[in-house]
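Enquirer: Contents are mmCIF, C-alpha atoms (C1' of nucleotides); file name work.cif:
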data_target
#
loop_
_atom_site.label_atom_id
_atom_site.label_comp_id
_atom_site.auth_asym_id
_atom_site.auth_seq_id
_atom_site.Cartn_x
_atom_site.Cartn_y
_atom_site.Cartn_z
CA MET A 1393 12.74 -4.34 -29.79
CA LYS A 1394 15.90 -5.65 -28.15
CA HIS A 1395 17.48 -2.39 -29.14
CA GLN A 1396 14.81 -0.45 -27.25
CA VAL A 1397 15.46 -2.39 -24.07
CA ASN A 1398 19.18 -1.82 -24.31
CA SER A 1399 18.85 1.89 -24.83
CA ARG A 1400 16.55 1.98 -21.83
CA LEU A 1401 19.19 0.19 -19.80
CA ASN A 1402 21.83 2.63 -21.03
CA ASP A 1403 19.63 5.57 -20.08
CA ILE A 1404 19.36 4.38 -16.51
CA VAL A 1405 23.02 3.45 -16.23
CA SER A 1406 24.20 6.82 -17.49
CA LYS A 1407 21.80 8.62 -15.16
CA ILE A 1408 23.10 6.59 -12.21
CA LYS A 1409 26.66 7.54 -13.11
CA LYS A 1410 25.83 11.16 -13.84
CA MET A 1411 24.23 11.51 -10.42
CA GLY A 1412 27.36 10.21 -8.77
CA TYR A 1413 26.14 6.78 -7.74
CA SER A 1414 28.49 3.91 -8.39
CA LEU A 1415 27.48 1.13 -10.68
CA THR A 1416 28.13 -2.08 -8.78
CA PRO A 1417 27.52 -5.47 -10.39
CA GLN A 1418 24.58 -6.06 -8.06
CA ARG A 1419 23.06 -2.70 -8.92
CA LEU A 1420 23.51 -3.31 -12.63
CA GLU A 1421 21.82 -6.68 -12.33
CA ILE A 1422 18.88 -5.15 -10.46
CA ILE A 1423 18.55 -2.47 -13.12
CA LYS A 1424 18.62 -5.14 -15.82
CA ILE A 1425 15.95 -7.20 -14.12
CA VAL A 1426 13.47 -4.39 -13.56
CA SER A 1427 14.04 -2.65 -16.86
CA GLU A 1428 13.59 -5.85 -18.84
CA SER A 1429 10.70 -7.25 -16.84
CA LYS A 1430 7.16 -6.86 -18.05
CA SER A 1431 5.57 -8.47 -15.01
CA HIS A 1432 5.73 -5.69 -12.40
CA PRO A 1433 7.78 -7.68 -9.88
CA SER A 1434 7.81 -7.11 -6.13
CA ALA A 1435 11.07 -6.62 -4.23
CA VAL A 1436 11.02 -10.30 -3.32
CA ASP A 1437 10.44 -11.27 -6.95
CA VAL A 1438 13.51 -9.27 -7.95
CA TYR A 1439 15.42 -10.81 -5.05
CA ASP A 1440 14.56 -14.32 -6.20
CA LYS A 1441 15.74 -13.61 -9.74
CA LEU A 1442 18.91 -11.98 -8.47
CA ARG A 1443 19.90 -14.96 -6.38
CA LYS A 1444 20.67 -16.96 -9.52
CA ALA A 1445 23.54 -14.62 -10.35
CA TYR A 1446 24.24 -13.46 -6.79
CA PRO A 1447 23.35 -16.14 -4.27
CA MET A 1448 24.64 -14.02 -1.37
CA ILE A 1449 22.59 -10.94 -2.25
CA SER A 1450 20.76 -9.30 0.62
CA LEU A 1451 17.10 -8.38 0.40
CA ASN A 1452 18.02 -5.07 1.96
CA THR A 1453 20.24 -4.34 -1.03
CA VAL A 1454 17.31 -4.97 -3.30
CA TYR A 1455 15.10 -2.59 -1.36
CA LYS A 1456 17.80 0.06 -1.26
CA ASN A 1457 18.38 -0.12 -4.99
CA LEU A 1458 14.73 -0.18 -5.94
CA SER A 1459 14.18 2.87 -3.72
CA LEU A 1460 17.10 4.58 -5.39
CA LEU A 1461 15.70 3.86 -8.84
CA SER A 1462 12.32 5.08 -7.71
CA SER A 1463 13.76 8.28 -6.25
CA ILE A 1464 15.38 9.16 -9.56
CA HIS A 1465 12.10 8.27 -11.30
CA GLU A 1466 13.51 5.42 -13.35
CA VAL A 1467 11.10 2.87 -11.96
CA LYS A 1468 7.53 3.40 -10.87
CA GLU A 1469 6.08 1.96 -7.70
CA ILE A 1470 2.71 0.30 -7.96
CA ARG A 1471 0.71 -0.32 -4.83
CA THR A 1472 -1.79 -3.12 -5.21
CA LEU A 1473 -4.03 -4.63 -2.62
CA GLN A 1474 -2.52 -6.59 0.26
CA ASN A 1475 -0.07 -3.75 0.81
CA SER A 1476 2.92 -4.83 -1.14
CA VAL A 1477 4.80 -2.68 -3.58
CA HIS A 1478 5.48 -3.71 -7.15
CA TYR A 1479 8.02 -2.12 -9.43
CA ASP A 1480 7.53 -1.11 -13.03
CA GLY A 1481 10.65 -0.58 -15.10
CA ASP A 1482 8.52 0.87 -17.88
CA ILE A 1483 8.13 4.54 -17.03
CA SER A 1484 6.43 5.47 -20.28
CA LEU A 1485 2.90 6.84 -20.20
CA HIS A 1486 0.52 4.01 -19.27
CA GLY A 1487 -1.91 2.89 -16.60
CA HIS A 1488 -2.59 -0.37 -14.84
CA ALA A 1489 -5.49 -2.73 -14.48
CA ILE A 1490 -5.22 -4.49 -11.16
CA CYS A 1491 -7.20 -7.62 -10.38
CA GLU A 1492 -8.69 -7.32 -6.91
CA LYS A 1493 -8.77 -11.08 -6.56
CA CYS A 1494 -5.46 -12.47 -7.84
CA GLY A 1495 -3.42 -9.24 -7.85
CA ARG A 1496 -2.43 -9.54 -11.50
CA ILE A 1497 -1.30 -6.25 -13.03
CA ILE A 1498 -1.94 -5.54 -16.70
CA ASP A 1499 -0.73 -2.50 -18.61
CA VAL A 1500 -3.35 -0.09 -19.92
CA LYS A 1501 -2.45 1.87 -23.02
CA ILE A 1502 -2.49 5.65 -22.79
CA ASP A 1503 -1.23 7.73 -25.65
CA GLU A 1504 0.16 11.22 -25.91
CA SER A 1505 -3.15 12.71 -26.99
CA ASP A 1506 -4.70 11.32 -23.82
CA PHE A 1507 -2.04 13.04 -21.82
CA LYS A 1508 -2.57 16.35 -23.57
CA GLY A 1509 -6.33 16.06 -23.47
CA PHE A 1510 -6.87 14.74 -19.98
CA PHE A 1511 -3.91 14.69 -17.60
CA ASP A 1512 -2.62 18.06 -18.67
CA ALA A 1513 -6.07 19.62 -18.38
CA LYS A 1514 -6.55 18.18 -14.88
CA ILE A 1515 -3.18 19.47 -13.77
CA LYS A 1516 -3.82 22.97 -15.13
CA GLU A 1517 -7.31 22.98 -13.65
CA ASN A 1518 -6.46 21.73 -10.18
CA PHE A 1519 -2.97 22.98 -9.49
CA LYS A 1520 -2.89 26.67 -10.06
CA GLU A 1521 -0.56 27.46 -7.17
CA ASN A 1522 2.93 26.09 -6.83
CA TYR A 1523 2.23 22.39 -6.69
CA TYR A 1524 4.86 20.35 -8.44
CA ILE A 1525 3.65 17.18 -10.17
CA ASN A 1526 6.30 14.71 -11.21
CA ASN A 1527 4.34 11.54 -11.57
CA TYR A 1528 0.86 10.22 -12.12
CA GLY A 1529 -1.02 7.00 -11.57
CA LEU A 1530 -4.01 5.56 -13.32
CA GLU A 1531 -5.52 2.32 -12.11
CA PHE A 1532 -8.53 0.27 -12.97
CA TYR A 1533 -9.50 -2.10 -10.20
CA GLY A 1534 -11.66 -5.08 -10.92
CA LEU A 1535 -11.58 -8.70 -11.93
CA CYS A 1536 -9.28 -10.02 -14.63
CA GLY A 1537 -10.55 -12.38 -17.31
CA LEU A 1538 -9.75 -15.55 -15.37
CA CYS A 1539 -11.09 -14.40 -12.00
CA TYR A 1540 -14.19 -13.01 -13.66
CA LYS A 1541 -14.96 -16.42 -15.12
CA GLU A 1542 -14.43 -18.12 -11.77
CA THR A 1543 -16.72 -15.70 -9.99
CA ALA A 1544 -19.38 -16.06 -12.68
CA SER A 1545 -19.42 -19.85 -12.33
CA ASP A 1546 -19.90 -19.80 -8.54
CA MET B 167 -24.25 20.64 3.15
CA LYS B 168 -25.07 19.06 6.49
CA HIS B 169 -28.00 17.47 4.77
CA GLN B 170 -25.70 15.96 2.12
CA VAL B 171 -23.54 14.35 4.76
CA ASN B 172 -26.53 12.90 6.55
CA SER B 173 -28.00 11.40 3.41
CA ARG B 174 -24.61 9.87 2.68
CA LEU B 175 -24.59 8.36 6.16
CA ASN B 176 -28.11 7.06 5.67
CA ASP B 177 -27.13 5.50 2.35
CA ILE B 178 -24.36 3.51 3.97
CA VAL B 179 -26.44 2.54 7.00
CA SER B 180 -29.31 1.27 4.89
CA LYS B 181 -26.92 -0.65 2.65
CA ILE B 182 -25.33 -2.27 5.70
CA LYS B 183 -28.73 -3.33 6.96
CA LYS B 184 -29.99 -4.43 3.56
CA MET B 185 -26.95 -6.69 3.15
CA GLY B 186 -27.69 -8.35 6.46
CA TYR B 187 -24.89 -6.86 8.54
CA SER B 188 -25.83 -5.63 11.97
CA LEU B 189 -25.41 -2.02 12.85
CA THR B 190 -23.52 -1.96 16.13
CA PRO B 191 -22.76 1.33 17.88
CA GLN B 192 -19.07 0.91 17.13
CA ARG B 193 -19.78 0.27 13.46
CA LEU B 194 -22.07 3.27 13.25
CA GLU B 195 -19.41 5.48 14.80
CA ILE B 196 -16.80 4.23 12.33
CA ILE B 197 -19.16 4.92 9.45
CA LYS B 198 -19.80 8.41 10.81
CA ILE B 199 -16.10 9.15 11.15
CA VAL B 200 -15.09 8.07 7.65
CA SER B 201 -18.14 9.46 5.88
CA GLU B 202 -17.74 12.87 7.50
CA SER B 203 -13.97 13.10 7.26
CA LYS B 204 -12.33 15.05 4.47
CA SER B 205 -8.79 14.15 5.49
CA HIS B 206 -8.43 10.58 4.16
CA PRO B 207 -7.60 9.01 7.55
CA SER B 208 -5.62 5.84 8.09
CA ALA B 209 -6.99 2.98 10.20
CA VAL B 210 -5.02 4.31 13.16
CA ASP B 211 -6.40 7.83 12.63
CA VAL B 212 -9.93 6.42 12.75
CA TYR B 213 -8.99 4.37 15.79
CA ASP B 214 -7.72 7.47 17.61
CA LYS B 215 -10.92 9.37 16.91
CA LEU B 216 -13.04 6.41 17.95
CA ARG B 217 -11.37 6.09 21.33
CA LYS B 218 -12.99 9.30 22.51
CA ALA B 219 -16.41 7.68 22.32
CA TYR B 220 -15.24 4.07 22.74
CA PRO B 221 -12.08 3.90 24.85
CA MET B 222 -12.08 0.10 24.78
CA ILE B 223 -12.34 -0.20 20.99
CA SER B 224 -9.96 -2.65 19.36
CA LEU B 225 -7.84 -1.70 16.37
CA ASN B 226 -8.83 -4.98 14.82
CA THR B 227 -12.46 -3.90 14.92
CA VAL B 228 -11.50 -0.78 13.02
CA TYR B 229 -9.68 -2.78 10.36
CA LYS B 230 -12.55 -5.25 10.07
CA ASN B 231 -15.11 -2.52 9.62
CA LEU B 232 -13.07 -0.49 7.19
CA SER B 233 -12.51 -3.65 5.15
CA LEU B 234 -16.22 -4.33 5.23
CA LEU B 235 -17.02 -0.81 4.03
CA SER B 236 -14.41 -1.17 1.34
CA SER B 237 -15.78 -4.52 0.21
CA ILE B 238 -19.24 -3.04 -0.31
CA HIS B 239 -17.61 -0.09 -2.09
CA GLU B 240 -18.74 2.54 0.38
CA VAL B 241 -15.23 3.70 1.17
CA LYS B 242 -12.24 3.81 -1.14
CA GLU B 243 -8.78 2.70 -0.15
CA ILE B 244 -5.91 5.00 -1.05
CA ARG B 245 -2.40 3.64 -1.03
CA THR B 246 0.20 6.31 -0.53
CA LEU B 247 3.92 5.99 -0.06
CA GLN B 248 5.27 4.55 3.19
CA ASN B 249 2.94 1.60 2.72
CA SER B 250 -0.07 2.52 4.74
CA VAL B 251 -3.63 2.54 3.58
CA HIS B 252 -5.86 5.58 3.85
CA TYR B 253 -9.62 5.55 3.64
CA ASP B 254 -11.82 7.92 1.70
CA GLY B 255 -15.47 8.16 2.67
CA ASP B 256 -16.15 10.19 -0.43
CA ILE B 257 -16.76 7.66 -3.20
CA SER B 258 -17.82 10.22 -5.78
CA LEU B 259 -15.77 10.62 -8.94
CA HIS B 260 -12.48 12.31 -8.04
CA GLY B 261 -8.74 11.77 -8.00
CA HIS B 262 -5.98 12.45 -5.49
CA ALA B 263 -2.86 14.52 -5.39
CA ILE B 264 -0.40 12.85 -3.06
CA CYS B 265 2.60 14.70 -1.71
CA GLU B 266 5.65 12.47 -1.96
CA LYS B 267 7.30 14.26 0.93
CA CYS B 268 4.68 14.80 3.65
CA GLY B 269 2.06 12.33 2.45
CA ARG B 270 -0.75 14.88 2.36
CA ILE B 271 -3.66 13.84 0.15
CA ILE B 272 -5.68 16.46 -1.69
CA ASP B 273 -8.81 15.82 -3.75
CA VAL B 274 -8.62 16.42 -7.46
CA LYS B 275 -11.85 17.35 -9.18
CA ILE B 276 -13.05 15.14 -12.00
CA ASP B 277 -16.45 15.70 -13.55
CA GLU B 278 -18.82 13.43 -15.40
CA SER B 279 -17.71 14.64 -18.80
CA ASP B 280 -14.16 13.65 -17.90
CA PHE B 281 -15.40 10.22 -17.04
CA LYS B 282 -17.31 9.83 -20.29
CA GLY B 283 -14.50 11.31 -22.35
CA PHE B 284 -11.52 9.60 -20.80
CA PHE B 285 -12.14 6.76 -18.37
CA ASP B 286 -14.93 5.25 -20.39
CA ALA B 287 -12.87 5.44 -23.57
CA LYS B 288 -9.89 3.77 -21.88
CA ILE B 289 -12.10 1.00 -20.53
CA LYS B 290 -13.73 0.34 -23.91
CA GLU B 291 -10.36 0.49 -25.66
CA ASN B 292 -8.41 -1.75 -23.31
CA PHE B 293 -10.92 -4.26 -21.99
CA LYS B 294 -12.65 -5.86 -24.89
CA GLU B 295 -12.89 -9.32 -23.32
CA ASN B 296 -14.66 -10.08 -20.08
CA TYR B 297 -12.73 -7.92 -17.66
CA TYR B 298 -14.90 -6.46 -14.97
CA ILE B 299 -13.95 -2.98 -13.74
CA ASN B 300 -15.57 -1.80 -10.55
CA ASN B 301 -13.26 0.93 -9.44
CA TYR B 302 -10.65 3.33 -10.68
CA GLY B 303 -7.82 5.37 -9.25
CA LEU B 304 -6.24 8.57 -10.44
CA GLU B 305 -3.26 9.97 -8.61
CA PHE B 306 -0.90 12.84 -9.13
CA TYR B 307 2.32 12.41 -7.22
CA GLY B 308 4.51 15.35 -6.47
CA LEU B 309 5.15 18.07 -3.94
CA CYS B 310 2.38 20.00 -2.24
CA GLY B 311 2.54 23.78 -1.92
CA LEU B 312 4.30 23.74 1.43
CA CYS B 313 6.86 21.06 0.62
CA TYR B 314 7.53 22.65 -2.74
CA LYS B 315 8.44 25.91 -1.03
CA GLU B 316 10.72 24.12 1.43
CA THR B 317 12.52 22.28 -1.36
CA ALA B 318 12.90 25.46 -3.39
CA SER B 319 14.54 27.28 -0.48
CA ASP B 320 17.16 24.58 0.14
"C1'" DA C 636 49.12 2.07 -0.90
"C1'" DT C 637 46.31 4.47 2.31
"C1'" DC C 638 42.26 6.91 3.32
"C1'" DT C 639 37.50 8.03 2.84
"C1'" DA C 640 33.05 7.30 1.14
"C1'" DT C 641 29.70 4.42 -0.52
"C1'" DA C 642 27.57 -0.30 -1.26
"C1'" DT C 643 26.54 -4.61 0.33
"C1'" DA C 644 25.57 -8.32 3.80
"C1'" DA C 645 23.92 -9.98 8.03
"C1'" DT C 646 21.13 -9.15 11.61
"C1'" DA C 647 17.73 -6.90 14.40
"C1'" DT C 648 13.77 -3.94 14.67
"C1'" DT C 649 9.73 -1.61 13.42
"C1'" DT C 650 5.18 -1.09 11.73
"C1'" DA C 651 0.94 -2.19 9.42
"C1'" DT C 652 -2.04 -5.65 8.98
"C1'" DT C 653 -4.11 -10.19 9.75
"C1'" DA C 654 -5.20 -14.35 12.45
"C1'" DT C 655 -6.76 -16.51 16.61
"C1'" DT C 656 -9.32 -17.05 20.54
"C1'" DA C 657 -12.49 -15.64 23.97
"C1'" DT C 658 -16.13 -12.83 25.31
"C1'" DA C 659 -20.10 -10.14 24.48
"C1'" DT C 660 -23.89 -8.75 21.98
"C1'" DA C 661 -27.75 -9.39 18.77
"C1'" DA C 662 -31.19 -12.27 16.23
"C1'" DT C 663 -34.02 -16.21 16.13
"C1'" DA C 664 -36.43 -20.11 17.68
"C1'" DT C 665 -38.51 -22.46 21.32
"C1'" DA D 390 -38.94 -14.82 28.58
"C1'" DT D 391 -35.21 -18.18 27.88
"C1'" DA D 392 -32.22 -21.03 25.21
"C1'" DT D 393 -29.74 -21.32 20.99
"C1'" DT D 394 -27.16 -19.75 17.24
"C1'" DA D 395 -24.74 -16.43 14.66
"C1'" DT D 396 -22.25 -12.38 14.36
"C1'" DA D 397 -19.35 -8.49 16.37
"C1'" DT D 398 -16.02 -6.97 19.32
"C1'" DA D 399 -11.84 -7.22 22.38
"C1'" DA D 400 -7.54 -8.97 23.69
"C1'" DT D 401 -3.74 -11.14 22.29
"C1'" DA D 402 -0.58 -13.33 19.20
"C1'" DA D 403 1.37 -13.85 14.69
"C1'" DT D 404 2.80 -12.51 10.01
"C1'" DA D 405 5.11 -10.15 6.56
"C1'" DA D 406 6.94 -6.13 4.32
"C1'" DA D 407 10.00 -2.73 4.88
"C1'" DT D 408 13.52 -0.15 7.51
"C1'" DA D 409 17.43 0.58 10.71
"C1'" DT D 410 21.78 -0.85 12.48
"C1'" DT D 411 26.17 -2.56 12.34
"C1'" DA D 412 30.01 -4.69 10.18
"C1'" DT D 413 32.41 -5.83 6.24
"C1'" DA D 414 33.72 -5.16 1.58
"C1'" DT D 415 34.43 -2.59 -2.43
"C1'" DA D 416 35.43 1.65 -5.25
"C1'" DG D 417 37.41 6.14 -5.99
"C1'" DA D 418 40.44 9.77 -4.56
"C1'" DT D 419 44.62 11.38 -2.47
#
Using structure tokens, write down the structure that the file contains.

Expert:
Amino acid sequence: MKHQVNSRLNDIVSKIKKMGYSLTPQRLEIIKIVSESKSHPSAVDVYDKLRKAYPMISLNTVYKNLSLLSSIHEVKEIRTLQNSVHYDGDISLHGHAICEKCGRIIDVKIDESDFKGFFDAKIKENFKENYYINNYGLEFYGLCGLCYKETASD
Amino acid sequence: MKHQVNSRLNDIVSKIKKMGYSLTPQRLEIIKIVSESKSHPSAVDVYDKLRKAYPMISLNTVYKNLSLLSSIHEVKEIRTLQNSVHYDGDISLHGHAICEKCGRIIDVKIDESDFKGFFDAKIKENFKENYYINNYGLEFYGLCGLCYKETASD
DNA sequence: ATCTATATAATATTTATTATTATATAATAT
DNA sequence: ATATTATATAATAATAAATATTATATAGAT
């Protein structure tokens, strides 16, 4: 498990270097935080964690780096309600369940056969001309367990 | 075709009335605009169209009404890049292809069998406990035909 | 060691959205 | 019909996320 996380970190780091970006301590720390996090943090969440190691870090730096990681497709942006962006360091095939009340984001399992059977079919079906797909999103909006209970007992 | 659009409009209008909301001229015009539009307009886009008929309309009124329509699930919110919300008056089963460069949103066809075969399976598989799903989202991010060409010729 | 490019920090600005307040309209009761 | 109450809209102000700008610092190349 730990080994998985580390190889993921190494993947990103080597890609950063290969593409000619420099690996500053701040950048490395940001990469660590998002790649190891399971909680789909916002830029401010990342910023708050960073401040422990780098109290002088600028929020702008966080945004810049998260955008960079997003542009090289090593983190995925998730847009929930209340227009704020969350970042997912797990770029493997999966969807998200987003609670419309509390904003909680839960991973939804999708396996390779799903991709072959559904996503791939949709892409082939809908994009015959030169349309280049490099990412997908699958969301289920609703009420999470806790919020569902609350609503039910109103 | 025209008949389809009108029945859609009537559906929304009667739902508005049934739920006890009043049908003001401004509200009716907003409903018309979003239900007849195929271009996934933003709040400001709707506002600009509205001003032809209602020059004194307030942007806040547009936001309030679009939120209302969204809350009763008669329009769907689409979150693209560059953090702005777009509104889709077509609530039938379909996904979106979103161009990461120009922001263009194109409908992606999904049919009932897809829903039964994929969405339903994912819901059953992932949400065994009391998690209430009332909406879904399916997006393909990439480059549209035009932007793809531009990028290719760089 | 100097020069150049890139990254970060501090600050200011923009933009979308929401909140507040006042006015106007609509619905209901008198 | 008029008064009363609730809801909708308009005008304005405020918030908050993200971006732009500028200055400083760091890293890599010459």

Enquirer: For this file, the PyMOL selection byres ((chain B) within 6 of (chain A)) selects which residues, as an MDAnalysis selection string?

Expert: chainID B and resid 296:311

Enquirer: Would you kindly translate the PyMOL selection byres ((chain A) within 12 of (chain D)) into the concrete residues it picks from this file, as JSON, numbers by chain?

Expert: {"A": [1412, 1413, 1414, 1415, 1416, 1417, 1418, 1434, 1435, 1436, 1451, 1452, 1453, 1454, 1455, 1456, 1459, 1474, 1475, 1476, 1477, 1478]}

Enquirer: Hand me chain A as it sits after a least-squares fit onto chain B over every Cα, paired in order, written as a short mmCIF file (atom, residue, chain, number, x, y, z; two decimals) with C-alpha atoms, keeping the file's coordinate frame.

Expert:
data_model
loop_
_atom_site.label_atom_id
_atom_site.label_comp_id
_atom_site.auth_asym_id
_atom_site.auth_seq_id
_atom_site.Cartn_x
_atom_site.Cartn_y
_atom_site.Cartn_z
CA MET A 1393 -24.33 20.60 2.96
CA LYS A 1394 -25.10 18.96 6.29
CA HIS A 1395 -28.03 17.36 4.56
CA GLN A 1396 -25.72 15.81 1.96
CA VAL A 1397 -23.56 14.23 4.64
CA ASN A 1398 -26.55 12.79 6.41
CA SER A 1399 -28.01 11.26 3.29
CA ARG A 1400 -24.61 9.75 2.60
CA LEU A 1401 -24.61 8.26 6.08
CA ASN A 1402 -28.12 6.93 5.54
CA ASP A 1403 -27.08 5.37 2.24
CA ILE A 1404 -24.31 3.41 3.89
CA VAL A 1405 -26.40 2.42 6.89
CA SER A 1406 -29.24 1.11 4.75
CA LYS A 1407 -26.81 -0.80 2.54
CA ILE A 1408 -25.22 -2.38 5.62
CA LYS A 1409 -28.63 -3.48 6.84
CA LYS A 1410 -29.82 -4.61 3.43
CA MET A 1411 -26.77 -6.83 3.08
CA GLY A 1412 -27.52 -8.48 6.39
CA TYR A 1413 -24.77 -6.95 8.48
CA SER A 1414 -25.76 -5.71 11.90
CA LEU A 1415 -25.39 -2.10 12.77
CA THR A 1416 -23.52 -2.01 16.07
CA PRO A 1417 -22.79 1.29 17.82
CA GLN A 1418 -19.09 0.88 17.08
CA ARG A 1419 -19.77 0.23 13.41
CA LEU A 1420 -22.09 3.22 13.18
CA GLU A 1421 -19.46 5.43 14.76
CA ILE A 1422 -16.82 4.21 12.30
CA ILE A 1423 -19.17 4.88 9.41
CA LYS A 1424 -19.85 8.37 10.75
CA ILE A 1425 -16.17 9.15 11.11
CA VAL A 1426 -15.11 8.06 7.64
CA SER A 1427 -18.14 9.41 5.83
CA GLU A 1428 -17.82 12.82 7.44
CA SER A 1429 -14.05 13.09 7.25
CA LYS A 1430 -12.40 15.04 4.49
CA SER A 1431 -8.86 14.18 5.51
CA HIS A 1432 -8.44 10.62 4.20
CA PRO A 1433 -7.65 9.08 7.59
CA SER A 1434 -5.64 5.91 8.15
CA ALA A 1435 -7.00 3.05 10.26
CA VAL A 1436 -5.05 4.40 13.22
CA ASP A 1437 -6.45 7.88 12.66
CA VAL A 1438 -9.97 6.46 12.77
CA TYR A 1439 -9.02 4.43 15.84
CA ASP A 1440 -7.80 7.53 17.65
CA LYS A 1441 -11.02 9.41 16.92
CA LEU A 1442 -13.12 6.44 17.96
CA ARG A 1443 -11.46 6.13 21.33
CA LYS A 1444 -13.15 9.34 22.49
CA ALA A 1445 -16.55 7.67 22.27
CA TYR A 1446 -15.35 4.09 22.75
CA PRO A 1447 -12.21 3.96 24.87
CA MET A 1448 -12.18 0.15 24.81
CA ILE A 1449 -12.39 -0.15 21.02
CA SER A 1450 -9.98 -2.58 19.42
CA LEU A 1451 -7.86 -1.62 16.45
CA ASN A 1452 -8.80 -4.95 14.93
CA THR A 1453 -12.44 -3.86 14.96
CA VAL A 1454 -11.48 -0.76 13.06
CA TYR A 1455 -9.64 -2.76 10.43
CA LYS A 1456 -12.48 -5.24 10.11
CA ASN A 1457 -15.05 -2.51 9.64
CA LEU A 1458 -13.01 -0.47 7.22
CA SER A 1459 -12.42 -3.63 5.17
CA LEU A 1460 -16.13 -4.33 5.23
CA LEU A 1461 -16.93 -0.83 4.03
CA SER A 1462 -14.31 -1.16 1.35
CA SER A 1463 -15.64 -4.53 0.20
CA ILE A 1464 -19.10 -3.07 -0.33
CA HIS A 1465 -17.48 -0.11 -2.11
CA GLU A 1466 -18.65 2.51 0.36
CA VAL A 1467 -15.16 3.70 1.16
CA LYS A 1468 -12.17 3.85 -1.13
CA GLU A 1469 -8.71 2.74 -0.11
CA ILE A 1470 -5.86 5.04 -0.99
CA ARG A 1471 -2.34 3.71 -0.93
CA THR A 1472 0.25 6.42 -0.45
CA LEU A 1473 3.95 6.07 -0.02
CA GLN A 1474 5.33 4.43 3.12
CA ASN A 1475 2.87 1.59 2.62
CA SER A 1476 -0.02 2.60 4.75
CA VAL A 1477 -3.62 2.61 3.65
CA HIS A 1478 -5.85 5.65 3.92
CA TYR A 1479 -9.61 5.61 3.68
CA ASP A 1480 -11.79 7.96 1.70
CA GLY A 1481 -15.44 8.13 2.66
CA ASP A 1482 -16.13 10.20 -0.44
CA ILE A 1483 -16.71 7.68 -3.21
CA SER A 1484 -17.79 10.24 -5.78
CA LEU A 1485 -15.74 10.67 -8.94
CA HIS A 1486 -12.45 12.36 -8.02
CA GLY A 1487 -8.71 11.80 -7.97
CA HIS A 1488 -5.96 12.50 -5.49
CA ALA A 1489 -2.81 14.54 -5.39
CA ILE A 1490 -0.37 12.89 -3.05
CA CYS A 1491 2.67 14.71 -1.71
CA GLU A 1492 5.69 12.44 -1.95
CA LYS A 1493 7.35 14.27 0.92
CA CYS A 1494 4.75 14.83 3.64
CA GLY A 1495 2.10 12.35 2.46
CA ARG A 1496 -0.68 14.93 2.35
CA ILE A 1497 -3.62 13.89 0.17
CA ILE A 1498 -5.62 16.51 -1.70
CA ASP A 1499 -8.75 15.87 -3.73
CA VAL A 1500 -8.57 16.46 -7.47
CA LYS A 1501 -11.79 17.42 -9.20
CA ILE A 1502 -13.02 15.19 -12.00
CA ASP A 1503 -16.40 15.78 -13.53
CA GLU A 1504 -18.84 13.57 -15.36
CA SER A 1505 -17.69 14.74 -18.78
CA ASP A 1506 -14.17 13.65 -17.86
CA PHE A 1507 -15.50 10.25 -17.01
CA LYS A 1508 -17.40 9.95 -20.27
CA GLY A 1509 -14.56 11.36 -22.32
CA PHE A 1510 -11.60 9.63 -20.75
CA PHE A 1511 -12.26 6.80 -18.30
CA ASP A 1512 -15.07 5.31 -20.32
CA ALA A 1513 -13.02 5.46 -23.51
CA LYS A 1514 -10.05 3.76 -21.82
CA ILE A 1515 -12.26 1.02 -20.45
CA LYS A 1516 -13.92 0.36 -23.82
CA GLU A 1517 -10.56 0.47 -25.57
CA ASN A 1518 -8.62 -1.78 -23.22
CA PHE A 1519 -11.15 -4.22 -21.85
CA LYS A 1520 -12.91 -5.84 -24.71
CA GLU A 1521 -13.13 -9.29 -23.14
CA ASN A 1522 -14.90 -10.03 -19.90
CA TYR A 1523 -12.95 -7.86 -17.52
CA TYR A 1524 -15.11 -6.34 -14.84
CA ILE A 1525 -14.11 -2.86 -13.64
CA ASN A 1526 -15.70 -1.66 -10.45
CA ASN A 1527 -13.34 1.04 -9.36
CA TYR A 1528 -10.71 3.41 -10.63
CA GLY A 1529 -7.85 5.42 -9.22
CA LEU A 1530 -6.24 8.60 -10.41
CA GLU A 1531 -3.25 9.99 -8.59
CA PHE A 1532 -0.86 12.82 -9.10
CA TYR A 1533 2.36 12.36 -7.20
CA GLY A 1534 4.57 15.31 -6.47
CA LEU A 1535 5.25 18.03 -3.97
CA CYS A 1536 2.49 19.99 -2.27
CA GLY A 1537 2.66 23.76 -1.97
CA LEU A 1538 4.43 23.74 1.40
CA CYS A 1539 6.97 21.03 0.59
CA TYR A 1540 7.67 22.62 -2.77
CA LYS A 1541 8.60 25.87 -1.06
CA GLU A 1542 10.86 24.07 1.40
CA THR A 1543 12.66 22.21 -1.35
CA ALA A 1544 13.07 25.38 -3.39
CA SER A 1545 14.71 27.21 -0.49
CA ASP A 1546 17.30 24.48 0.16
#

Enquirer: So, with all atoms listed in the file as the atoms that count, which of C:DA657, C:DA664, C:DA651, C:DA642 lies closest to chain B?

Expert: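 Looking at the shortest contact to chain B, the residue is C:DA651.
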
Enquirer: Identify all chain C residues at most 9 Å from chain B by counting only C-alpha atoms (C1' of nucleotides); ligands do not count. Present them as a ChimeraX atom specification.

Expert: /C:651-653,660-661

Enquirer: Assuming the chain letters and numbering stay as they are in my file, what does the PyMOL selection byres ((chain B and resi 242) around 9) actually select? List them as a list in words.

Expert: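 On this input, the PyMOL selection byres ((chain B and resi 242) around 9) captures Leu235, Ser236, His239, Glu240, Val241, Glu243, Ile244, His252, Tyr253, Asp254, Gly255, Asp256, Ile257 and Asn301 of chain B.
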
Enquirer: Of the residues A:Asp1437, A:Arg1443, A:Leu1458, A:Ile1464, which is the one nearest to A:Ile1408, using all atoms listed in the file?

Expert: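 Closest residue, counting all atoms listed in the file: A:Ile1464.
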